[in-house]
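Source file final.csv; content: CSV, C-alpha atoms and all ligand atoms.
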```
chain,number,residue,atom,x,y,z
Z,19,MET,CA,20.4,9.0,11.6
Z,20,ALA,CA,21.4,5.5,11.0
Z,21,ALA,CA,25.0,6.2,11.7
Z,22,THR,CA,24.5,6.2,15.5
Z,23,SER,CA,23.7,3.3,17.6
Z,24,ALA,CA,20.9,5.3,19.1
Z,25,ALA,CA,18.9,5.3,15.9
Z,26,THR,CA,15.8,3.4,16.4
Z,27,PHE,CA,13.0,2.4,14.0
Z,28,SER,CA,9.9,0.6,15.0
Z,29,ILE,CA,9.2,-2.8,13.5
Z,30,GLY,CA,6.9,-5.6,14.3
Z,31,SER,CA,5.3,-8.4,12.4
Z,32,THR,CA,3.2,-8.9,9.3
Z,33,ILE,CA,-0.6,-9.0,8.9
Z,34,SER,CA,-2.7,-9.4,5.8
Z,35,PRO,CA,-3.5,-6.1,4.0
Z,36,GLY,CA,-6.6,-4.3,5.1
Z,37,THR,CA,-7.1,-6.4,8.2
Z,38,LYS,CA,-7.5,-5.1,11.7
Z,39,VAL,CA,-5.1,-6.9,13.9
Z,40,SER,CA,-6.1,-8.3,17.2
Z,41,GLN,CA,-2.8,-10.0,18.0
Z,42,LEU,CA,-0.2,-7.6,19.4
Z,43,PRO,CA,2.7,-7.1,17.1
Z,44,GLN,CA,5.0,-4.9,19.1
Z,45,SER,CA,7.0,-2.2,17.5
Z,46,LYS,CA,10.5,-2.7,18.5
Z,47,PRO,CA,13.7,-0.7,18.2
Z,48,LEU,CA,15.8,-1.7,15.3
Z,49,SER,CA,19.4,-0.8,15.6
Z,50,MET,CA,20.7,-0.2,12.1
Z,51,ARG,CA,23.8,-2.3,11.9
Z,52,PHE,CA,25.7,-1.9,8.7
Z,53,ASN,CA,27.6,-5.1,8.1
Z,54,SER,CA,30.6,-3.7,6.4
Z,55,GLN,CA,34.0,-3.5,8.1
Z,56,ASN,CA,33.4,-0.1,9.4
Z,57,THR,CA,29.9,1.2,9.9
Z,58,LEU,CA,30.6,4.9,10.1
Z,59,ALA,CA,33.1,4.9,7.2
Z,60,THR,CA,30.6,2.9,5.1
Z,61,PHE,CA,27.7,5.1,5.9
Z,62,SER,CA,29.4,8.5,5.5
Z,63,GLY,CA,31.4,7.4,2.6
Z,64,LEU,CA,28.8,5.2,1.0
Z,65,LYS,CA,30.8,4.4,-2.1
Z,66,ALA,CA,27.6,2.7,-3.3
Z,67,ALA,CA,29.5,-0.4,-4.2
Z,68,THR,CA,29.1,-1.9,-0.7
Z,69,PHE,CA,26.0,-3.9,-0.1
Z,70,VAL,CA,24.6,-2.7,3.2
Z,71,LYS,CA,22.9,-5.2,5.3
Z,72,CYS,CA,20.6,-4.1,8.1
Z,73,GLU,CA,19.9,-6.5,10.9
Z,74,SER,CA,16.9,-6.0,13.1
Z,75,GLU,CA,17.5,-6.7,16.8
Z,76,SER,CA,14.4,-7.8,18.6
Z,77,SER,CA,16.0,-6.4,21.7
Z,78,PHE,CA,13.0,-5.3,23.7
Z,79,LEU,CA,10.7,-8.2,22.9
Z,80,GLY,CA,13.2,-10.9,23.0
Z,81,LYS,CA,13.6,-13.5,20.3
Z,82,GLU,CA,11.0,-15.9,21.8
Z,83,SER,CA,8.2,-13.4,22.1
Z,84,SER,CA,8.8,-12.0,18.7
Z,85,ALA,CA,8.6,-15.5,17.2
Z,86,VAL,CA,5.4,-16.2,19.1
Z,87,LEU,CA,3.8,-13.0,17.9
Z,88,ARG,CA,5.0,-13.4,14.3
Z,89,GLY,CA,3.8,-17.0,14.4
Z,90,ALA,CA,0.3,-15.9,15.5
Z,91,ALA,CA,0.0,-13.0,13.2
Z,92,ALA,CA,2.0,-13.8,10.1
Z,93,PRO,CA,3.1,-17.3,9.4
Z,94,LYS,CA,4.3,-16.3,6.0
Z,95,ALA,CA,6.5,-13.5,7.3
Z,96,GLN,CA,7.9,-15.6,9.9
Z,97,LYS,CA,10.6,-17.2,7.7
Z,98,SER,CA,12.0,-13.9,6.7
Z,99,SER,CA,11.6,-12.3,10.1
Z,100,GLN,CA,13.3,-15.2,11.8
Z,101,ARG,CA,16.3,-14.4,9.8
Z,102,SER,CA,15.9,-11.0,11.5
Z,103,GLN,CA,17.4,-9.5,8.5
Z,104,TYR,CA,16.3,-6.9,6.0
Z,105,ASN,CA,18.6,-6.0,3.2
Z,106,LEU,CA,19.0,-2.3,2.4
Z,107,ASN,CA,20.4,-1.7,-1.1
Z,108,PRO,CA,22.2,1.7,-0.9
Z,109,GLN,CA,21.5,2.2,-4.6
Z,110,ALA,CA,17.8,2.2,-3.9
Z,111,SER,CA,16.2,5.1,-5.6
Z,112,TYR,CA,13.4,6.7,-3.6
Z,113,LYS,CA,12.7,10.4,-4.0
Z,114,VAL,CA,11.7,12.4,-1.0
Z,115,ALA,CA,10.4,16.0,-0.9
Z,116,ILE,CA,10.4,18.2,2.1
Z,117,LEU,CA,8.0,21.2,1.9
Z,118,GLY,CA,9.1,23.9,4.3
Z,119,ALA,CA,12.7,22.7,4.2
Z,120,ALA,CA,14.3,26.0,5.2
Z,121,GLY,CA,12.5,26.2,8.5
Z,122,GLY,CA,13.4,25.2,12.0
Z,123,ILE,CA,12.2,21.6,11.6
Z,124,GLY,CA,12.8,21.4,7.8
Z,125,GLN,CA,16.6,22.0,7.9
Z,126,PRO,CA,17.6,19.3,10.5
Z,127,LEU,CA,15.0,17.0,8.9
Z,128,ALA,CA,16.6,17.5,5.5
Z,129,LEU,CA,20.0,16.7,6.9
Z,130,LEU,CA,18.8,13.5,8.6
Z,131,VAL,CA,16.9,12.4,5.5
Z,132,LYS,CA,20.0,13.2,3.4
Z,133,MET,CA,21.7,10.4,5.4
Z,134,SER,CA,19.4,7.7,4.2
Z,135,PRO,CA,21.0,5.1,1.9
Z,136,LEU,CA,17.5,4.5,0.4
Z,137,ILE,CA,17.2,7.9,-1.2
Z,138,SER,CA,18.4,8.9,-4.6
Z,139,ALA,CA,16.9,12.4,-4.7
Z,140,LEU,CA,16.0,14.8,-2.0
Z,141,HIS,CA,13.9,17.7,-3.1
Z,142,ILE,CA,13.7,20.6,-0.7
Z,143,TYR,CA,11.1,23.3,-1.1
Z,144,ASP,CA,10.3,26.5,0.7
Z,145,ILE,CA,9.0,30.0,-0.1
Z,146,ALA,CA,12.5,31.5,0.5
Z,147,ASN,CA,16.1,30.8,1.6
Z,148,VAL,CA,16.1,27.2,0.3
Z,149,LYS,CA,18.9,27.4,-2.3
Z,150,GLY,CA,21.5,28.0,0.3
Z,151,VAL,CA,20.2,25.1,2.3
Z,152,ALA,CA,20.3,22.9,-0.8
Z,153,ALA,CA,23.9,24.0,-1.6
Z,154,ASP,CA,25.0,23.3,1.9
Z,155,LEU,CA,23.3,19.9,2.1
Z,156,SER,CA,24.6,18.9,-1.3
Z,157,HIS,CA,28.2,18.8,-0.1
Z,158,CYS,CA,27.4,15.8,2.2
Z,159,ASN,CA,28.8,12.7,0.5
Z,160,THR,CA,25.8,10.6,0.9
Z,161,PRO,CA,24.1,9.2,-2.2
Z,162,SER,CA,21.1,11.4,-2.7
Z,163,GLN,CA,21.2,14.3,-5.1
Z,164,VAL,CA,19.8,17.5,-3.4
Z,165,LEU,CA,17.7,19.9,-5.4
Z,166,GLY,CA,16.3,23.2,-4.0
Z,167,PHE,CA,13.0,24.7,-5.2
Z,168,THR,CA,11.9,28.2,-4.2
Z,169,GLY,CA,8.4,29.7,-4.4
Z,170,SER,CA,5.1,28.6,-5.8
Z,171,SER,CA,6.3,28.5,-9.4
Z,172,GLU,CA,8.9,25.8,-8.5
Z,173,LEU,CA,6.6,23.8,-6.3
Z,174,PRO,CA,5.2,21.5,-9.0
Z,175,ASN,CA,8.7,20.4,-10.1
Z,176,SER,CA,9.7,19.8,-6.5
Z,177,LEU,CA,7.0,17.1,-6.4
Z,178,LYS,CA,7.4,15.3,-9.7
Z,179,GLY,CA,8.1,11.6,-9.3
Z,180,VAL,CA,8.3,11.8,-5.5
Z,181,ASP,CA,7.6,8.8,-3.3
Z,182,VAL,CA,7.3,10.5,0.1
Z,183,VAL,CA,6.3,14.1,0.8
Z,184,VAL,CA,6.9,15.5,4.2
Z,185,ILE,CA,5.2,18.8,5.2
Z,186,PRO,CA,6.7,20.6,8.2
Z,187,ALA,CA,5.8,24.1,6.6
Z,188,GLY,CA,4.1,26.7,8.7
Z,189,VAL,CA,4.5,28.8,11.8
Z,190,PRO,CA,5.5,27.4,15.2
Z,191,ARG,CA,4.0,28.1,18.6
Z,192,LYS,CA,5.1,30.9,21.0
Z,193,PRO,CA,4.8,30.6,24.8
Z,194,GLY,CA,1.1,30.7,25.8
Z,195,MET,CA,-0.1,29.4,22.5
Z,196,THR,CA,-1.8,26.0,21.9
Z,197,ARG,CA,-1.3,24.1,18.6
Z,198,ASP,CA,-4.8,25.1,17.7
Z,199,ASP,CA,-3.8,28.8,17.8
Z,200,LEU,CA,-1.7,28.1,14.6
Z,201,PHE,CA,-4.8,27.0,12.7
Z,202,SER,CA,-5.6,30.3,10.9
Z,203,ILE,CA,-2.1,30.4,9.3
Z,204,ASN,CA,-1.1,26.8,8.9
Z,205,ALA,CA,-4.5,25.5,7.6
Z,206,ASN,CA,-4.1,27.6,4.4
Z,207,ILE,CA,-0.4,26.6,4.0
Z,208,VAL,CA,-1.2,22.9,4.3
Z,209,LYS,CA,-4.2,23.2,1.9
Z,210,THR,CA,-2.1,24.9,-0.7
Z,211,LEU,CA,0.8,22.4,-0.5
Z,212,VAL,CA,-1.5,19.3,-0.5
Z,213,GLU,CA,-3.3,20.7,-3.6
Z,214,ALA,CA,0.1,20.7,-5.3
Z,215,VAL,CA,0.8,17.2,-4.0
Z,216,ALA,CA,-2.5,16.0,-5.4
Z,217,ASP,CA,-1.7,17.5,-8.8
Z,218,ASN,CA,1.9,16.3,-9.1
Z,219,CYS,CA,2.5,13.1,-7.1
Z,220,PRO,CA,-0.9,11.8,-6.0
Z,221,ASP,CA,0.5,8.3,-5.3
Z,222,ALA,CA,3.1,9.5,-2.8
Z,223,PHE,CA,3.0,8.8,1.0
Z,224,ILE,CA,2.2,12.2,2.6
Z,225,HIS,CA,3.5,13.0,6.1
Z,226,ILE,CA,1.8,16.0,7.8
Z,227,ILE,CA,3.8,17.6,10.5
Z,228,SER,CA,2.4,21.2,10.4
Z,229,ASN,CA,0.3,21.9,13.4
Z,230,PRO,CA,-2.4,21.6,14.5
Z,231,VAL,CA,-2.0,18.0,13.1
Z,232,ASN,CA,-5.4,17.1,14.6
Z,233,SER,CA,-6.9,19.5,12.1
Z,234,THR,CA,-4.4,19.8,9.3
Z,235,LEU,CA,-4.5,16.0,8.6
Z,236,PRO,CA,-8.3,16.2,8.0
Z,237,ILE,CA,-7.8,19.2,5.8
Z,238,ALA,CA,-5.3,17.3,3.7
Z,239,ALA,CA,-7.8,14.4,3.4
Z,240,GLU,CA,-10.5,16.7,2.3
Z,241,VAL,CA,-8.3,18.4,-0.3
Z,242,LEU,CA,-7.2,15.1,-1.7
Z,243,LYS,CA,-10.9,13.9,-1.8
Z,244,GLN,CA,-11.9,17.1,-3.7
Z,245,LYS,CA,-9.1,16.4,-6.1
Z,246,GLY,CA,-10.3,12.8,-6.5
Z,247,VAL,CA,-7.0,11.3,-5.4
Z,248,TYR,CA,-7.5,10.5,-1.7
Z,249,ASP,CA,-5.9,7.2,-0.6
Z,250,PRO,CA,-6.4,7.0,3.2
Z,251,LYS,CA,-3.6,4.4,3.4
Z,252,LYS,CA,-1.1,7.0,2.2
Z,253,LEU,CA,-1.9,10.0,4.4
Z,254,PHE,CA,-0.2,10.2,7.8
Z,255,GLY,CA,-0.2,12.7,10.6
Z,256,VAL,CA,3.2,12.4,12.1
Z,257,THR,CA,2.9,11.6,15.8
Z,258,THR,CA,6.3,9.8,16.1
Z,259,LEU,CA,7.6,12.5,18.4
Z,260,ASP,CA,5.0,11.5,21.1
Z,261,VAL,CA,6.4,8.0,21.0
Z,262,VAL,CA,10.0,9.2,21.0
Z,263,ARG,CA,9.3,11.4,24.1
Z,264,ALA,CA,7.3,8.6,25.9
Z,265,ASN,CA,10.1,6.2,25.3
Z,266,THR,CA,12.7,8.7,26.6
Z,267,PHE,CA,10.8,9.7,29.7
Z,268,VAL,CA,9.8,6.2,30.7
Z,269,ALA,CA,13.4,4.9,30.2
Z,270,GLN,CA,14.7,7.8,32.4
Z,271,LYS,CA,12.1,7.3,35.1
Z,272,LYS,CA,12.5,3.5,35.3
Z,273,ASN,CA,16.2,3.5,34.6
Z,274,LEU,CA,15.8,1.3,31.5
Z,275,LYS,CA,18.0,0.9,28.5
Z,276,LEU,CA,16.5,3.4,26.1
Z,277,ILE,CA,16.7,1.3,23.0
Z,278,ASP,CA,14.6,-1.4,24.7
Z,279,VAL,CA,11.6,0.8,25.6
Z,280,ASP,CA,8.5,1.1,23.4
Z,281,VAL,CA,5.4,2.9,24.5
Z,282,PRO,CA,2.4,3.2,22.1
Z,283,VAL,CA,0.8,6.6,22.0
Z,284,VAL,CA,-2.7,6.9,20.6
Z,285,GLY,CA,-5.3,9.6,20.1
Z,286,GLY,CA,-4.0,12.8,18.4
Z,287,HIS,CA,-1.2,15.3,18.7
Z,288,ALA,CA,-2.2,18.0,21.1
Z,289,GLY,CA,-2.5,18.2,24.8
Z,290,ILE,CA,-4.9,15.7,26.3
Z,291,THR,CA,-5.5,14.1,22.9
Z,292,ILE,CA,-2.0,12.6,23.2
Z,293,LEU,CA,-2.5,9.4,25.2
Z,294,PRO,CA,0.5,7.3,26.0
Z,295,LEU,CA,-0.6,3.8,26.8
Z,296,LEU,CA,1.9,3.1,29.7
Z,297,SER,CA,0.2,-0.2,30.5
Z,298,LYS,CA,1.3,-1.4,27.1
Z,299,THR,CA,5.0,-0.4,27.6
Z,300,ARG,CA,7.5,-3.0,26.3
Z,301,PRO,CA,9.3,-4.5,28.1
Z,302,PRO,CA,6.5,-4.7,30.7
Z,303,VAL,CA,7.0,-2.2,33.4
Z,304,SER,CA,4.8,-1.5,36.4
Z,305,PHE,CA,3.9,2.1,37.3
Z,306,ASN,CA,2.2,3.4,40.4
Z,307,ASP,CA,-0.7,5.8,40.1
Z,308,GLU,CA,1.5,8.8,40.7
Z,309,GLU,CA,4.0,7.8,38.1
Z,310,VAL,CA,1.2,7.2,35.5
Z,311,GLN,CA,-0.2,10.7,36.2
Z,312,GLU,CA,3.2,12.4,36.1
Z,313,LEU,CA,4.5,10.6,33.0
Z,314,THR,CA,1.2,11.1,31.1
Z,315,VAL,CA,1.1,14.8,31.8
Z,316,ARG,CA,4.7,15.3,30.9
Z,317,ILE,CA,4.3,13.5,27.6
Z,318,GLN,CA,1.2,15.5,26.8
Z,319,ASN,CA,2.9,18.7,27.6
Z,320,ALA,CA,6.4,17.9,26.3
Z,321,GLY,CA,5.9,20.2,23.2
Z,322,THR,CA,4.9,23.1,25.6
Z,323,GLU,CA,8.0,22.3,27.7
Z,324,VAL,CA,10.2,23.0,24.7
Z,325,VAL,CA,8.2,26.1,23.6
Z,326,GLU,CA,8.6,27.6,27.1
Z,327,ALA,CA,12.3,26.7,27.3
Z,328,LYS,CA,12.9,28.4,23.9
Z,329,GLU,CA,11.2,31.6,25.3
Z,330,GLY,CA,9.6,32.7,22.1
Z,331,ALA,CA,12.2,31.3,19.7
Z,332,GLY,CA,9.9,28.5,18.5
Z,333,SER,CA,8.9,25.0,19.3
Z,334,ALA,CA,10.5,21.6,19.1
Z,335,THR,CA,12.6,21.4,16.0
Z,336,LEU,CA,15.5,19.0,16.6
Z,337,SER,CA,13.5,16.3,18.3
Z,338,MET,CA,10.7,16.8,15.8
Z,339,ALA,CA,13.2,16.4,12.9
Z,340,TYR,CA,14.6,13.3,14.5
Z,341,ALA,CA,11.1,11.8,14.9
Z,342,ALA,CA,10.0,12.8,11.5
Z,343,ALA,CA,13.2,11.3,9.9
Z,344,ARG,CA,12.5,8.1,11.7
Z,345,PHE,CA,9.0,8.0,10.2
Z,346,VAL,CA,10.4,8.8,6.7
Z,347,GLU,CA,12.9,5.9,7.2
Z,348,SER,CA,10.2,3.6,8.2
Z,349,SER,CA,8.1,4.5,5.2
Z,350,LEU,CA,11.0,4.0,2.9
Z,351,ARG,CA,11.7,0.6,4.4
Z,352,ALA,CA,8.0,-0.3,3.9
Z,353,LEU,CA,8.2,0.9,0.3
Z,354,ASP,CA,11.3,-1.2,-0.1
Z,355,GLY,CA,9.6,-4.4,0.9
Z,356,ASP,CA,10.4,-4.7,4.6
Z,357,ALA,CA,7.5,-6.7,5.9
Z,358,ASP,CA,8.1,-5.8,9.5
Z,359,VAL,CA,7.5,-2.0,9.9
Z,360,TYR,CA,5.3,-0.6,12.6
Z,361,GLU,CA,4.8,3.0,13.7
Z,362,CYS,CA,2.2,5.1,15.5
Z,363,SER,CA,0.5,7.6,13.2
Z,364,PHE,CA,-2.7,9.8,13.1
Z,365,VAL,CA,-4.6,8.2,10.2
Z,366,GLN,CA,-8.1,7.5,8.9
Z,367,SER,CA,-9.2,4.9,11.3
Z,368,ASP,CA,-12.2,2.8,12.4
Z,369,LEU,CA,-10.7,2.0,15.8
Z,370,THR,CA,-13.0,4.4,17.5
Z,371,GLU,CA,-16.1,6.4,16.4
Z,372,LEU,CA,-13.8,9.2,15.3
Z,373,PRO,CA,-12.8,9.3,11.6
Z,374,PHE,CA,-9.1,9.9,12.3
Z,375,PHE,CA,-7.2,8.5,15.2
Z,376,ALA,CA,-3.5,7.9,16.1
Z,377,SER,CA,-2.5,4.3,16.8
Z,378,ARG,CA,0.1,1.8,15.9
Z,379,VAL,CA,-0.2,0.9,12.2
Z,380,LYS,CA,1.6,-1.6,10.0
Z,381,LEU,CA,3.2,0.0,7.0
Z,382,GLY,CA,3.6,-1.7,3.7
Z,383,ARG,CA,4.3,-0.9,0.1
Z,384,LYS,CA,0.8,0.6,-0.3
Z,385,GLY,CA,0.8,2.5,2.9
Z,386,VAL,CA,-1.2,1.5,6.0
Z,387,GLU,CA,-1.7,-2.3,5.7
Z,388,ALA,CA,-3.3,-2.7,9.1
Z,389,ILE,CA,-4.4,-0.8,12.1
Z,390,ILE,CA,-3.4,-2.4,15.4
Z,391,SER,CA,-6.6,-2.7,17.3
Z,392,SER,CA,-5.2,-4.6,20.2
Z,393,ASP,CA,-3.5,-1.6,21.7
Z,394,LEU,CA,-7.0,-0.3,22.7
Z,395,GLN,CA,-7.9,-3.6,24.3
Z,396,GLY,CA,-7.4,-4.2,28.0
Z,397,LEU,CA,-6.7,-0.6,28.9
Z,398,THR,CA,-6.4,0.4,32.6
Z,399,GLU,CA,-9.2,2.4,34.1
Z,400,TYR,CA,-7.0,5.5,33.9
Z,401,GLU,CA,-6.3,5.0,30.2
Z,402,GLN,CA,-10.0,4.2,29.4
Z,403,LYS,CA,-11.1,7.4,31.1
Z,404,ALA,CA,-8.4,9.4,29.4
Z,405,LEU,CA,-9.5,7.9,26.1
Z,406,GLU,CA,-13.1,9.0,26.6
Z,407,ALA,CA,-11.9,12.4,27.8
Z,408,LEU,CA,-9.9,13.1,24.7
Z,409,LYS,CA,-12.6,12.3,22.2
Z,410,PRO,CA,-14.6,15.5,22.3
Z,411,GLU,CA,-11.5,17.7,21.8
Z,412,LEU,CA,-10.1,15.5,19.0
Z,413,LYS,CA,-13.6,15.4,17.3
Z,414,ALA,CA,-13.8,19.2,17.4
Z,415,SER,CA,-10.4,19.6,15.9
Z,416,ILE,CA,-11.1,17.1,13.2
Z,417,GLU,CA,-14.4,18.8,12.4
Z,418,LYS,CA,-12.8,22.2,12.3
Z,419,GLY,CA,-10.3,21.0,9.7
Z,420,ILE,CA,-13.0,19.4,7.6
Z,421,ALA,CA,-15.2,22.4,7.7
Z,422,PHE,CA,-12.3,24.7,6.7
Z,423,ALA,CA,-11.5,22.6,3.7
Z,424,GLN,CA,-15.1,22.3,2.6
Z,425,LYS,CA,-15.7,26.0,2.8
Z,426,GLN,CA,-12.8,26.7,0.5
Z,427,PRO,CA,-12.9,24.2,-2.4
Z,428,VAL,CA,-9.7,23.4,-4.1
Z,429,THR,CA,-8.5,25.2,-7.1
Z,430,THR,CA,-8.5,23.1,-10.2
Z,501,LIG,C1,5.7,19.2,19.2
Z,501,LIG,O1,5.0,18.3,19.7
Z,501,LIG,C2,6.2,20.7,17.3
Z,501,LIG,O2,4.1,19.6,17.6
Z,501,LIG,C3,5.5,19.6,17.8
Z,501,LIG,O3,6.6,19.7,19.9
```
Rewritten as structure tokens:
Amino acid sequence: MAATSAATFSIGSTISPGTKVSQLPQSKPLSMRFNSQNTLATFSGLKAATFVKCESESSFLGKESSAVLRGAAAPKAQKSSQRSQYNLNPQASYKVAILGAAGGIGQPLALLVKMSPLISALHIYDIANVKGVAADLSHCNTPSQVLGFTGSSELPNSLKGVDVVVIPAGVPRKPGMTRDDLFSINANIVKTLVEAVADNCPDAFIHIISNPVNSTLPIAAEVLKQKGVYDPKKLFGVTTLDVVRANTFVAQKKNLKLIDVDVPVVGGHAGITILPLLSKTRPPVSFNDEEVQELTVRIQNAGTEVVEAKEGAGSATLSMAYAAARFVESSLRALDGDADVYECSFVQSDLTELPFFASRVKLGRKGVEAIISSDLQGLTEYEQKALEALKPELKASIEKGIAFAQKQPVTT
């Protein structure tokens, strides 16, 4: 992922742990620039001896605005951020597990994650067909060792010592289905997998991709609570694809350089619960009413656009894998001490009256360090109405997940 100039990762500025942030730290694309003689050769060869330096480019904010924002929100971080430099040590030794790694999202995700210089071990788990994927991936000459784990008896070992667990397991949509139609199958899958996470790597960051995320994330939270290991700062519903799509569609519509565009997307991850805040687009862009309506609806229905185009062969896999890999990379950078990592994610939140809500968050070593409240301030009338309109559906999905988990207590 980092080997192409198109790779982007959101970063912003630093805020004290646990605070709600009223200043606006903009996530901004970070082009991974490997400062060795030859980026591609270094990355794909990764002889491990080379120290890889990653420079963040504040391309969409501009250096001045970045400095102002950092100065306002994080005087301490300013010194390091002004250097605009974060050093990646290719010998860093994070372990990542992907549960559901033989599936449509899991395979490309595993490949993208295998390319990270921050990972020493990539554990891929699925109920079947994973050994071949592991053998295949293990031939890529990037640093991480790939281990495949098949079936429930091998699930615990796939999770031992893991820092980040990503869960794309489950069934995808077919044309005519909503994400909620997947609930009856995927709810159980997520419950079972998160129970294993709780038992084997309770301190890991957990990334939930399995749909309906608006319900599976609350299920995961409930399972972790029942197991006595719930840390709300480390449980994430992956909504990065909504941001990726919003950035792409806005850049296309407005003929902007893609890497410069950043649109926060809040709410949840299904239909009208996906709310792109176009008024907060960076760099600032003006949209007429028709454009706002057209773009908002397209971003909300983008998953369905792919489901229909695939005509029964599944839902978004490649773009989802790309987005999920970006979120993994951001998490690893946060774990590695980068004080400048921002992403949108569906997390436990007090931004609204709902217990979980997607918004921009600041990531740190311990997970969510701050929830960016300023994105919900100064909304347009259209956005304000859409925000109110999404709440009943999101609330119902959250409650459905919680009720499911409470009815079926965890196995001890
Ligand atoms: C999507 O948005 C698969 O939920 C995923 O397409």
Please write out the residues within 8 Å of ligand LIG 501 (chain Z) as a ChimeraX atom specification, counting all atoms listed in the file.
/Z:190-191,197,227-231,259-260,287-288,320-322,324-325,333-335,337-338
Spatial neighbours of stretch 368-374 of chain Z, max dist 8 Å, only C-alpha atoms, sep filter under 6 positions, as a compact mmCIF listing (two decimals) with C-alpha atoms, keeping the file's coordinate frame:
```txt
# COMPACT_ATOMS: atom_id res chain seq x y z
CA PRO Z 236 -8.30 16.20 8.00
CA ILE Z 389 -4.40 -0.80 12.10
CA SER Z 391 -6.60 -2.70 17.30
CA LYS Z 409 -12.60 12.30 22.20
CA LYS Z 413 -13.60 15.40 17.30
CA ILE Z 416 -11.10 17.10 13.20
```
Excluding Z:Val365 and its own-chain neighbours fewer than 6 positions away, which residues fall within 12 Å of it when counting only C-alpha atoms? Please give them as an NGL selection string.
:Z and (223-226 or 231-236 or 238-239 or 249-257 or 284-287 or 372-381 or 385-390 or 416)
Leaving out Z:Gln426 and any residue of its chain fewer than 4 positions from it, which residues lie within 10 Å of it when counting all atoms listed in the file, given as JSON, numbers by chain?
{"Z": [206, 209, 241, 421, 422]}
Could you tell me how far atom CA of Z:Gly121 lies from atom CA of Z:Gly166, in Å and to one decimal?
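Interatomic distance here is 13.4 Å.
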Go through Z:Val189, Z:Leu274, Z:Cys362, Z:Ala214 and flag the residue nearest Z:Ser202, using all atoms listed in the file for the distances.
Z:Val189
Atom pair atom CA of Z:Ile207 + atom CA of Z:Gly188, distance 6.5 Å
For each of Z:Val346, Z:Leu353, Z:Leu129, Z:Ala264, take the minimum atom-to-atom distance to Z:Asn319, counting only C-alpha atoms, then give the residue where this is smallest.
Z:Ala264
Just want the 7 Å neighbourhood of Z:Pro193, counted on only C-alpha atoms, with same-chain residues fewer than 5 positions away dropped. Output as a compact mmCIF listing (two decimals) with C-alpha atoms, in the coordinates of the input.
```
# COMPACT_ATOMS: atom_id res chain seq x y z
CA VAL Z 325 8.20 26.10 23.60
CA GLU Z 326 8.60 27.60 27.10
CA GLU Z 329 11.20 31.60 25.30
CA GLY Z 330 9.60 32.70 22.10
```
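Compared by their closest atoms to Z:Cys158, and using all atoms listed in the file, the residues Z:Lys132, Z:Lys178, Z:Arg263, Z:Arg316 rank with Z:Lys132 nearest.
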For atom CA of Z:Glu401 and atom CA of Z:Val279, determine how far apart the two atoms are, in Å to one decimal place.
19.0 Å
Taking all atoms listed in the file into account, which of Z:Tyr112, Z:Tyr400, Z:Tyr340, Z:Phe345 comes nearest Z:Ala139?
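Closest residue, counting all atoms listed in the file: Z:Tyr112.
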Spatial neighbours of Z:Phe167, max dist 7 Å, only C-alpha atoms, sep filter under 2 positions, as a PyMOL selection string
chain Z and resi 142-144+148+165+169+172-173+176
